[in-house]
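The next block is model.txt, given as compact mmCIF, C-alpha atoms.
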# COMPACT_ATOMS: atom_id res chain seq x y z
CA MET V 1 0.00 0.00 0.00
CA ARG V 2 2.71 2.45 0.96
CA ALA V 3 4.74 1.52 -2.12
CA ARG V 4 1.78 2.31 -4.35
CA PHE V 5 1.33 5.70 -2.73
CA LEU V 6 5.01 6.48 -3.18
CA LEU V 7 4.82 5.56 -6.87
CA LEU V 8 1.69 7.61 -7.44
CA THR V 9 3.18 10.55 -5.56
CA LEU V 10 6.25 10.41 -7.81
CA LEU V 11 4.12 10.26 -10.94
CA ALA V 12 1.91 13.11 -9.75
CA GLY V 13 5.02 15.15 -9.06
CA LEU V 14 6.32 14.55 -12.58
CA LEU V 15 3.02 15.69 -14.07
CA ALA V 16 2.77 18.68 -11.76
CA ALA V 17 6.28 19.87 -12.54
CA GLY V 18 5.40 22.33 -15.30
CA PRO V 19 7.92 23.90 -17.65
CA ALA V 20 9.97 26.64 -16.09
CA ARG V 21 8.60 29.17 -18.57
CA SER V 22 4.94 28.40 -17.75
CA GLN V 23 4.51 31.41 -15.48
CA HIS V 24 5.95 33.97 -17.91
CA PRO V 25 3.48 35.84 -20.16
CA GLN V 26 3.90 35.01 -23.84
CA THR V 27 2.11 35.88 -27.04
CA LEU V 28 1.03 32.85 -29.00
CA SER V 29 1.79 32.73 -32.69
CA ASP V 30 -0.75 32.19 -35.45
CA GLU V 31 0.35 28.53 -35.52
CA ALA V 32 -0.87 27.88 -31.97
CA GLN V 33 -3.53 25.28 -31.35
CA VAL V 34 -5.82 24.54 -28.40
CA SER V 35 -7.30 21.09 -27.73
CA LEU V 36 -9.43 19.26 -25.22
CA LEU V 37 -7.84 15.99 -24.15
CA THR V 38 -10.13 13.23 -22.91
CA ILE V 39 -8.42 10.36 -21.16
CA LEU V 40 -10.71 7.35 -20.89
CA PRO V 41 -11.27 5.50 -17.60
CA GLY V 42 -8.43 3.45 -16.17
CA ASP V 43 -8.04 0.45 -13.89
CA GLN V 44 -7.37 2.36 -10.66
CA VAL V 45 -10.28 3.61 -8.55
CA TYR V 46 -9.14 7.24 -8.84
CA SER V 47 -9.19 6.93 -12.66
CA MET V 48 -12.42 4.98 -13.10
CA TYR V 49 -14.43 8.00 -14.30
CA GLY V 50 -11.88 9.27 -16.83
CA HIS V 51 -10.03 12.57 -17.00
CA SER V 52 -9.93 15.84 -18.97
CA ALA V 53 -7.15 18.30 -19.68
CA ILE V 54 -6.34 21.20 -22.01
CA ARG V 55 -3.46 21.09 -24.45
CA ILE V 56 -1.87 24.23 -25.90
CA VAL V 57 0.79 23.72 -28.57
CA ASP V 58 2.71 26.42 -30.43
CA PRO V 59 5.46 25.10 -32.74
CA VAL V 60 6.83 28.59 -33.28
CA LEU V 61 7.43 29.12 -29.55
CA GLY V 62 8.40 25.48 -29.01
CA LEU V 63 5.56 25.18 -26.51
CA ASP V 64 3.51 22.01 -25.94
CA TRP V 65 1.83 21.96 -22.55
CA THR V 66 -1.11 20.32 -20.83
CA TYR V 67 -3.17 22.14 -18.21
CA ASN V 68 -4.51 19.63 -15.72
CA TYR V 69 -7.08 20.60 -13.09
CA GLY V 70 -7.12 17.04 -11.75
CA THR V 71 -3.81 17.07 -9.87
CA PHE V 72 -3.70 16.33 -6.15
CA ASP V 73 -1.07 15.52 -3.57
CA PHE V 74 -1.21 11.88 -2.48
CA GLY V 75 1.05 12.58 0.48
CA HIS V 76 1.05 9.81 3.06
CA PRO V 77 -1.78 7.23 3.22
CA LEU V 78 -2.40 8.13 6.87
CA THR V 79 -3.18 11.73 5.90
CA PHE V 80 -4.50 11.29 2.36
CA VAL V 81 -7.30 8.85 3.22
CA PRO V 82 -8.76 10.97 6.08
CA ARG V 83 -8.67 14.10 3.90
CA PHE V 84 -10.44 12.25 1.11
CA VAL V 85 -13.11 10.78 3.42
CA GLN V 86 -13.71 14.14 5.10
CA GLY V 87 -14.19 15.89 1.75
CA ARG V 88 -11.20 18.16 2.42
CA LEU V 89 -9.01 17.10 -0.46
CA ASP V 90 -7.66 20.06 -2.42
CA TYR V 91 -6.91 19.74 -6.12
CA PHE V 92 -4.81 22.12 -8.16
CA LEU V 93 -4.04 23.15 -11.72
CA SER V 94 -0.72 21.79 -12.90
CA VAL V 95 1.19 22.56 -16.10
CA ALA V 96 3.20 19.74 -17.65
CA SER V 97 4.94 18.83 -20.87
CA TYR V 98 2.42 17.20 -23.20
CA PRO V 99 4.84 14.45 -24.34
CA ARG V 100 5.52 13.64 -20.68
CA ALA V 101 1.82 13.53 -19.82
CA LEU V 102 1.02 11.43 -22.87
CA ALA V 103 3.79 8.98 -22.00
CA PHE V 104 2.26 8.58 -18.54
CA TYR V 105 -1.20 7.73 -19.89
CA ARG V 106 0.16 5.58 -22.69
CA THR V 107 2.89 3.65 -20.89
CA VAL V 108 2.03 3.65 -17.19
CA GLU V 109 -1.76 3.57 -17.21
CA GLN V 110 -2.44 2.42 -20.79
CA ARG V 111 -5.52 4.60 -21.10
CA PRO V 112 -6.86 5.75 -24.49
CA VAL V 113 -6.47 9.46 -25.23
CA ILE V 114 -8.81 11.43 -27.52
CA GLU V 115 -7.93 14.94 -28.70
CA GLN V 116 -10.48 17.50 -29.92
CA VAL V 117 -8.80 20.42 -31.67
CA LEU V 118 -10.82 23.59 -31.03
CA ALA V 119 -11.70 26.12 -33.73
CA LEU V 120 -10.58 29.17 -31.75
CA ASP V 121 -9.27 32.27 -33.47
CA ALA V 122 -6.01 33.94 -32.41
CA THR V 123 -7.69 36.31 -29.96
CA GLN V 124 -9.64 33.51 -28.29
CA ARG V 125 -6.58 31.28 -28.05
CA GLN V 126 -4.57 34.04 -26.45
CA ALA V 127 -7.35 34.90 -23.98
CA LEU V 128 -7.62 31.25 -22.90
CA PHE V 129 -3.85 30.91 -22.62
CA ASP V 130 -3.58 34.07 -20.51
CA LEU V 131 -6.34 32.94 -18.15
CA LEU V 132 -4.76 29.52 -17.71
CA GLN V 133 -1.44 31.16 -16.93
CA VAL V 134 -3.09 33.25 -14.23
CA ASN V 135 -4.92 30.24 -12.81
CA ALA V 136 -1.66 28.25 -12.70
CA ARG V 137 0.02 30.72 -10.35
CA PRO V 138 0.71 29.22 -6.90
CA GLU V 139 -1.71 31.62 -5.22
CA ASN V 140 -4.55 30.74 -7.64
CA ARG V 141 -4.13 27.11 -8.64
CA THR V 142 -5.62 25.30 -5.62
CA TYR V 143 -9.34 24.63 -5.22
CA ARG V 144 -11.55 22.49 -2.99
CA TYR V 145 -12.57 19.47 -5.02
CA ASP V 146 -16.26 18.58 -5.39
CA PHE V 147 -16.91 15.38 -7.31
CA LEU V 148 -20.08 16.53 -9.07
CA PHE V 149 -19.77 20.28 -9.34
CA ASP V 150 -16.10 21.29 -9.22
CA ASN V 151 -13.61 18.86 -10.73
CA CYS V 152 -11.12 18.47 -13.58
CA ALA V 153 -13.88 18.51 -16.21
CA THR V 154 -16.14 21.26 -14.85
CA ARG V 155 -13.13 23.55 -14.39
CA ILE V 156 -12.38 23.25 -18.11
CA ARG V 157 -16.01 23.99 -18.99
CA ASP V 158 -15.93 27.02 -16.68
CA VAL V 159 -12.64 28.41 -18.00
CA MET V 160 -13.90 28.05 -21.57
CA GLU V 161 -17.09 29.92 -20.69
CA ALA V 162 -15.14 32.61 -18.83
CA THR V 163 -12.81 33.10 -21.80
CA LEU V 164 -15.22 32.87 -24.73
CA GLY V 165 -18.31 34.31 -23.08
CA GLU V 166 -21.34 34.59 -25.37
CA ALA V 167 -19.30 33.35 -28.32
CA LEU V 168 -19.53 29.80 -26.92
CA HIS V 169 -22.86 28.03 -27.30
CA PHE V 170 -23.76 24.76 -25.57
CA ASP V 171 -27.41 25.13 -26.66
CA ASP V 172 -27.38 22.04 -28.89
CA VAL V 173 -25.87 19.73 -26.27
CA PRO V 174 -28.42 16.94 -25.65
CA PRO V 175 -29.51 16.51 -22.04
CA PRO V 176 -28.71 13.08 -20.58
CA ASN V 177 -32.24 12.58 -19.17
CA ARG V 178 -30.68 10.59 -16.35
CA THR V 179 -29.93 11.20 -12.72
CA PHE V 180 -26.39 11.74 -11.47
CA ARG V 181 -26.52 8.24 -9.96
CA GLN V 182 -27.53 6.71 -13.29
CA LEU V 183 -24.72 8.58 -15.01
CA LEU V 184 -22.19 7.17 -12.54
CA ASP V 185 -23.38 3.55 -12.47
CA PRO V 186 -21.83 2.32 -15.77
CA TYR V 187 -18.34 3.33 -14.65
CA ALA V 188 -18.42 0.88 -11.73
CA ALA V 189 -20.11 -1.95 -13.63
CA ASP V 190 -17.00 -4.13 -13.39
CA ARG V 191 -16.57 -3.42 -9.67
CA PRO V 192 -19.85 -4.65 -8.11
CA PHE V 193 -18.79 -4.33 -4.47
CA LEU V 194 -17.46 -0.82 -5.02
CA ASP V 195 -20.62 0.06 -6.94
CA PHE V 196 -22.75 -1.23 -4.06
CA GLY V 197 -20.76 0.78 -1.52
CA ILE V 198 -20.94 3.97 -3.60
CA ASP V 199 -24.69 3.56 -4.05
CA LEU V 200 -25.14 3.23 -0.29
CA ALA V 201 -22.93 6.21 0.50
CA LEU V 202 -24.42 8.68 -1.99
CA GLY V 203 -27.52 10.49 -0.80
CA THR V 204 -30.46 12.28 -2.37
CA PRO V 205 -28.44 14.97 -4.23
CA VAL V 206 -27.41 12.42 -6.86
CA ASP V 207 -30.98 11.28 -7.54
CA ARG V 208 -32.17 14.32 -9.46
CA ILE V 209 -31.97 14.62 -13.22
CA ALA V 210 -28.70 16.21 -14.34
CA SER V 211 -28.93 19.02 -16.86
CA ALA V 212 -26.81 18.96 -20.01
CA ARG V 213 -24.41 21.45 -18.43
CA GLU V 214 -24.20 19.52 -15.14
CA SER V 215 -23.48 16.24 -16.94
CA MET V 216 -20.16 17.72 -18.05
CA PHE V 217 -18.69 16.73 -14.68
CA LEU V 218 -17.90 13.44 -16.41
CA PRO V 219 -15.09 13.68 -18.99
CA ASP V 220 -17.03 11.53 -21.48
CA TYR V 221 -19.94 13.98 -21.34
CA LEU V 222 -17.65 16.99 -21.53
CA GLN V 223 -16.20 15.51 -24.71
CA ARG V 224 -19.71 14.96 -26.07
CA ALA V 225 -20.71 18.51 -25.13
CA PHE V 226 -17.72 19.96 -26.99
CA ALA V 227 -18.62 17.85 -30.03
CA HIS V 228 -22.12 19.42 -30.10
CA ALA V 229 -21.13 22.97 -29.11
CA THR V 230 -20.79 25.88 -31.53
CA LEU V 231 -18.63 28.99 -31.57
CA THR V 232 -19.18 32.48 -32.93
CA ARG V 233 -16.04 33.51 -34.77
CA ASP V 234 -15.59 36.40 -37.20
CA GLY V 235 -19.35 36.86 -37.28
CA GLN V 236 -20.03 33.25 -38.23
CA THR V 237 -21.20 30.26 -36.21
CA VAL V 238 -18.92 27.25 -36.54
CA PRO V 239 -18.54 23.95 -34.65
CA LEU V 240 -16.40 24.35 -31.55
CA VAL V 241 -14.41 21.23 -32.49
CA ALA V 242 -12.50 21.53 -35.75
CA ARG V 243 -10.99 18.05 -35.68
CA THR V 244 -11.05 14.94 -33.49
CA ASP V 245 -8.02 12.65 -33.30
CA THR V 246 -7.39 9.38 -31.50
CA VAL V 247 -3.96 10.02 -30.02
CA PHE V 248 -3.60 6.64 -28.38
CA TRP V 249 -5.92 3.68 -28.28
CA THR V 250 -5.87 0.30 -26.64
CA ASP V 251 -8.72 -2.17 -26.66
CA ARG V 252 -10.12 -2.61 -23.19
CA PRO V 253 -12.38 -5.55 -22.29
CA ALA V 254 -16.04 -4.76 -21.83
CA ALA V 255 -17.06 -4.18 -18.23
CA ARG V 256 -18.56 -7.48 -17.12
CA ALA V 257 -18.93 -8.79 -13.61
CA TRP V 258 -21.33 -10.97 -11.72
CA PRO V 259 -23.63 -9.05 -9.37
CA TRP V 260 -21.82 -10.57 -6.40
CA PRO V 261 -23.35 -8.38 -3.65
CA ALA V 262 -26.88 -9.33 -4.72
CA LEU V 263 -26.01 -13.00 -5.15
CA LEU V 264 -24.29 -13.24 -1.77
CA LEU V 265 -26.99 -11.32 0.09
CA TRP V 266 -29.84 -13.32 -1.45
CA THR V 267 -27.99 -16.51 -0.50
CA LEU V 268 -27.56 -15.18 3.03
CA PHE V 269 -31.23 -14.31 3.19
CA ALA V 270 -32.21 -17.82 2.05
CA VAL V 271 -30.03 -19.35 4.76
CA GLY V 272 -31.44 -16.95 7.34
CA LEU V 273 -35.02 -17.71 6.29
CA GLY V 274 -34.48 -21.45 6.63
CA TRP V 275 -32.81 -21.02 10.01
CA THR V 276 -35.60 -18.75 11.25
CA VAL V 277 -38.37 -21.13 10.21
CA ARG V 278 -36.58 -24.11 11.74
CA THR V 279 -35.92 -22.41 15.09
CA TRP V 280 -39.00 -20.20 15.40
CA SER V 281 -40.40 -21.99 18.44
CA GLN V 282 -37.01 -22.75 20.00
CA PRO V 283 -35.04 -20.71 22.53
CA PRO V 284 -31.99 -18.92 21.11
CA ALA V 285 -28.95 -21.20 20.96
CA ARG V 286 -26.48 -19.11 18.94
CA ARG V 287 -26.33 -15.36 19.28
CA TRP V 288 -23.16 -14.60 17.32
CA PRO V 289 -24.63 -14.78 13.76
CA ASP V 290 -27.21 -12.10 14.59
CA ALA V 291 -24.67 -10.10 16.57
CA TRP V 292 -22.48 -10.01 13.47
CA LEU V 293 -25.42 -9.12 11.23
CA PHE V 294 -26.64 -6.21 13.32
CA GLY V 295 -23.08 -5.17 14.16
CA LEU V 296 -22.07 -4.86 10.52
CA VAL V 297 -25.25 -2.94 9.65
CA GLY V 298 -24.56 -0.70 12.65
CA VAL V 299 -21.02 -0.01 11.42
CA ALA V 300 -22.45 0.89 8.00
CA GLY V 301 -24.88 3.23 9.74
CA VAL V 302 -22.07 4.94 11.66
CA LEU V 303 -20.19 5.51 8.39
CA LEU V 304 -23.29 6.88 6.63
CA LEU V 305 -24.00 9.19 9.55
CA TYR V 306 -20.41 10.40 9.52
CA LEU V 307 -20.55 11.08 5.77
CA TRP V 308 -23.75 13.06 6.36
CA ALA V 309 -22.88 15.09 9.44
CA GLY V 310 -19.11 14.86 9.86
CA THR V 311 -17.70 15.68 6.43
CA GLU V 312 -17.77 18.43 3.83
CA HIS V 313 -19.15 16.16 1.11
CA THR V 314 -22.28 17.60 -0.50
CA VAL V 315 -23.44 14.39 -2.19
CA THR V 316 -23.74 12.18 0.92
CA ARG V 317 -26.45 14.12 2.74
CA PRO V 318 -29.23 13.53 3.37
CA ASN V 319 -29.12 9.75 3.02
CA TRP V 320 -32.31 7.72 3.42
CA ASN V 321 -30.36 4.50 3.94
CA LEU V 322 -30.01 5.61 7.55
CA ALA V 323 -33.72 4.80 7.92
CA TRP V 324 -32.75 1.11 8.07
CA ALA V 325 -28.98 1.14 8.76
CA TRP V 326 -29.27 2.43 12.32
CA PRO V 327 -25.96 3.23 14.03
CA THR V 328 -27.57 1.97 17.25
CA HIS V 329 -27.54 -1.56 15.78
CA LEU V 330 -23.88 -1.65 16.76
CA VAL V 331 -24.79 -1.17 20.44
CA ALA V 332 -27.61 -3.69 20.12
CA ALA V 333 -25.18 -6.23 18.64
CA VAL V 334 -22.79 -5.88 21.59
CA TRP V 335 -25.68 -6.15 24.04
CA LEU V 336 -27.05 -9.20 22.23
CA SER V 337 -23.70 -11.00 22.23
CA ARG V 338 -23.27 -10.47 25.97
CA ARG V 339 -26.74 -10.64 27.51
CA GLY V 340 -29.03 -12.23 24.94
CA GLY V 341 -32.65 -11.28 24.40
CA THR V 342 -33.58 -9.07 27.35
CA PRO V 343 -37.06 -7.44 27.46
CA LEU V 344 -35.61 -4.06 26.49
CA LEU V 345 -33.70 -5.59 23.59
CA ARG V 346 -36.85 -7.40 22.43
CA ARG V 347 -38.64 -4.05 22.24
CA TYR V 348 -35.71 -2.59 20.32
CA PHE V 349 -35.85 -5.43 17.79
CA ALA V 350 -39.63 -5.03 17.48
CA ALA V 351 -39.08 -1.39 16.53
CA THR V 352 -36.34 -2.45 14.13
CA ALA V 353 -38.58 -5.00 12.41
CA LEU V 354 -41.43 -2.50 12.07
CA ALA V 355 -39.20 0.30 10.72
CA THR V 356 -37.46 -2.02 8.25
CA VAL V 357 -40.74 -3.43 6.91
CA VAL V 358 -42.16 0.10 6.52
CA PHE V 359 -39.02 1.10 4.64
CA LEU V 360 -39.30 -1.95 2.36
CA ILE V 361 -42.92 -1.13 1.56
CA GLY V 362 -42.37 2.56 0.90
CA PHE V 363 -38.84 2.84 -0.48
CA VAL V 364 -40.10 3.19 -4.07
CA ALA V 365 -41.67 6.52 -3.08
CA LEU V 366 -38.46 7.92 -1.59
CA PRO V 367 -36.54 10.72 -3.34
CA GLN V 368 -33.49 8.47 -3.26
CA SER V 369 -32.66 5.28 -5.10
CA VAL V 370 -31.97 2.23 -2.94
CA PRO V 371 -29.53 -0.38 -4.30
CA GLY V 372 -31.33 -3.51 -5.39
CA ALA V 373 -28.69 -5.62 -3.67
CA ALA V 374 -29.78 -4.12 -0.34
CA ILE V 375 -33.27 -5.63 -0.54
CA PRO V 376 -32.29 -9.15 0.66
CA LEU V 377 -30.25 -7.54 3.44
CA LEU V 378 -33.28 -5.55 4.60
CA LEU V 379 -35.48 -8.64 4.44
CA LEU V 380 -32.98 -10.59 6.53
CA LEU V 381 -32.67 -7.71 8.98
CA ALA V 382 -36.44 -7.53 9.45
CA LEU V 383 -36.73 -11.32 9.72
CA ARG V 384 -34.06 -11.72 12.38
CA ALA V 385 -35.28 -8.67 14.31
CA LEU V 386 -38.78 -10.19 14.34
CA TRP V 387 -37.34 -13.50 15.56
CA TRP V 388 -35.67 -11.79 18.52
CA ALA V 389 -38.74 -9.65 19.23
CA ARG V 390 -41.04 -12.62 19.65
CA PRO V 391 -42.05 -13.19 23.29
CA ARG V 392 -40.67 -16.74 23.37
CA SER V 393 -36.96 -15.83 23.51
CA GLY V 394 -35.15 -17.42 26.40

Here is a file; write its structure as structure tokens.
Amino acid sequence: MRARFLLLTLLAGLLAAGPARSQHPQTLSDEAQVSLLTILPGDQVYSMYGHSAIRIVDPVLGLDWTYNYGTFDFGHPLTFVPRFVQGRLDYFLSVASYPRALAFYRTVEQRPVIEQVLALDATQRQALFDLLQVNARPENRTYRYDFLFDNCATRIRDVMEATLGEALHFDDVPPPNRTFRQLLDPYAADRPFLDFGIDLALGTPVDRIASARESMFLPDYLQRAFAHATLTRDGQTVPLVARTDTVFWTDRPAARAWPWPALLLWTLFAVGLGWTVRTWSQPPARRWPDAWLFGLVGVAGVLLLYLWAGTEHTVTRPNWNLAWAWPTHLVAAVWLSRRGGTPLLRRYFAATALATVVFLIGFVALPQSVPGAAIPLLLLLALRALWWARPRSG
């Protein structure tokens, strides 16, 4: 783990180390060219949604740089992970040699790179270049990362709008007609456990329909938006993208994975149902399976509550999964493992069974999507809570 962080820190440092001349004002020649680079998703979790960057090349000045709003300091795992979980991870704009950046994506990560050359005139290219130079200054380059609304892709959209103003038109960009959650789901299709965890952690903010402009938080959709956008130049309206090139391509296998969370949880529910039916009229003999069940759900509830109330994340609150993943289940699990089914604990489990059943009946009307894989878990939770709530426990 530490070795991986050291490697990634080194690579991030190489990309962040911009050319020494990057902070000096320069006038681009008529041969200059501006492009949007779209780097397709990679194998690592941090790269699973893809990446965007701006390339400015001027053969006359000998300049070929990438402007990358997706740079962050890995630091040490003991500090990086807490900052990430707390939503306090700062990103910054880095300037790097394009050949160096391309070599990283081609050789190290083996991720396809698509380049869209933009049809900007000399004045527009210079204005964009000047603004990027200002943004790359040490006092300006850092920003507080927000996954949906302020990231490497939205920053490029914003800097283009700030530079081009009314000359840039995204009017013809088709809306996705999907929620943020639905936009995110395909990217984790080959990581079912991660997909399940993300679905549980994300709250109601991701369950509203994303507008065409908002969908540009994903590099794929930013690329699509640029392909549909138009530009007013010299009194004429032209496509924003003059040419699209595949800089590097490698065939990647289609995302396929068994829905393991659903399969495992339905299997667990089937086992729990058979055990409950067989022991319904018997006194409790083993408490540890239920202690583990309620304990793990309680731990999940503590994490969801922390993401809601203890972090700066805007997409994890409110979260309706806390209506069934009670943090107090952790206390109940400890109590159950030590003292068994006391009268007070039976009342607690009666309330748990009732609340879980109500949630199962009404979850379709909630403003938040509930992962399908969670249904067997909720059924098992209600079933075992009802078993402990029955008056025959010993």

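For Arg181 of chain V, the set of protein, DNA and RNA residues having any atom at most 12 Å away, when counting all atoms listed in the file and skipping those fewer than 6 positions along the same chain, is Leu148, Tyr187, Ala188, Asp195, Phe196, Ile198, Asp199, Leu200, Ala201, Leu202, Gly203, Thr204, Pro205, Val206, Asp207, Arg208, Ile209, Ala210, Ser215, Leu218, Val315, Thr316, Gln368, Ser369, Val370 and Pro371 of chain V.
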
With distances taken over all atoms listed in the file, the candidate from V:Asp234, V:Asp150, V:Asp58, V:Asp130 nearest Ala32 of chain V is V:Asp58

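Selecting by distance to (-22.8, 0.4, 20.7) with a limit of 12 Å and using all atoms listed in the file, one obtains Ala291, Phe294, Gly295, Leu296, Val297, Gly298, Val299, Gly301, Val302, Trp326, Pro327, Thr328, His329, Leu330, Val331, Ala332, Ala333, Val334, Trp335, Leu336 and Ser337 of chain V.
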
(message) Can you pull out the residues contacting segment 163-168 of chain V? Cut-off 12 Å, using all atoms listed in the file, and skip same-chain residues under 2 positions away; I want them as a PyMOL selection string.
(response) chain V and resi 118-121+123-132+156-161+170-173+225-226+228-241

Check your understanding: Within 12 Å of Asp251 of chain V, counting all atoms listed in the file, which residues qualify if same-chain residues fewer than 2 places away don't, as number ranges by chain?
Key -> V: 40, 42, 110-113, 248-249, 253-254

With C-alpha atoms retained, export the selected residues as a compact mmCIF listing (two decimals), in the frame of the given file.
# COMPACT_ATOMS: atom_id res chain seq x y z
CA LEU V 40 -10.71 7.35 -20.89
CA GLY V 42 -8.43 3.45 -16.17
CA GLN V 110 -2.44 2.42 -20.79
CA ARG V 111 -5.52 4.60 -21.10
CA PRO V 112 -6.86 5.75 -24.49
CA VAL V 113 -6.47 9.46 -25.23
CA PHE V 248 -3.60 6.64 -28.38
CA TRP V 249 -5.92 3.68 -28.28
CA PRO V 253 -12.38 -5.55 -22.29
CA ALA V 254 -16.04 -4.76 -21.83

Near Gly272 of chain V, within 12 Å and counting all atoms listed in the file, which residues show up once chain neighbours fewer than 2 positions away are dropped, as a compact mmCIF listing (two decimals) with C-alpha atoms, in the frame of the given file?
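This went into part04.txt:
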# COMPACT_ATOMS: atom_id res chain seq x y z
CA LEU V 265 -26.99 -11.32 0.09
CA TRP V 266 -29.84 -13.32 -1.45
CA THR V 267 -27.99 -16.51 -0.50
CA LEU V 268 -27.56 -15.18 3.03
CA PHE V 269 -31.23 -14.31 3.19
CA ALA V 270 -32.21 -17.82 2.05
CA GLY V 274 -34.48 -21.45 6.63
CA TRP V 275 -32.81 -21.02 10.01
CA THR V 276 -35.60 -18.75 11.25
CA VAL V 277 -38.37 -21.13 10.21
CA ARG V 278 -36.58 -24.11 11.74
CA THR V 279 -35.92 -22.41 15.09
CA TRP V 280 -39.00 -20.20 15.40
CA PRO V 289 -24.63 -14.78 13.76
CA ASP V 290 -27.21 -12.10 14.59
CA LEU V 293 -25.42 -9.12 11.23
CA PRO V 376 -32.29 -9.15 0.66
CA LEU V 377 -30.25 -7.54 3.44
CA LEU V 378 -33.28 -5.55 4.60
CA LEU V 379 -35.48 -8.64 4.44
CA LEU V 380 -32.98 -10.59 6.53
CA LEU V 381 -32.67 -7.71 8.98
CA ALA V 382 -36.44 -7.53 9.45
CA LEU V 383 -36.73 -11.32 9.72
CA ARG V 384 -34.06 -11.72 12.38
CA ALA V 385 -35.28 -8.67 14.31
CA TRP V 387 -37.34 -13.50 15.56

| message | One number please: atom CA of Pro176 of chain V to atom CA of Trp308 of chain V, in Å, one decimal. | response |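 Between atom CA of Pro176 of chain V and atom CA of Trp308 of chain V the gap works out to 27.4 Å.
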
Hey, can you check how far atom CA of Phe84 of chain V sits from atom CA of Ala162 of chain V?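 That distance, rounded to one decimal, is 28.9 Å.
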
- Test item: residues at most 8 Å from Leu37 of chain V, all atoms listed in the file, excluding those fewer than 4 positions along its chain, as a PyMOL selection string: chain V and resi 52-55+113-116

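Distance annotation: of V:Arg83, V:Arg191, V:Arg137, V:Arg286, the residue with the minimal separation from Val45 of chain V is V:Arg191; atom set is only C-alpha atoms.
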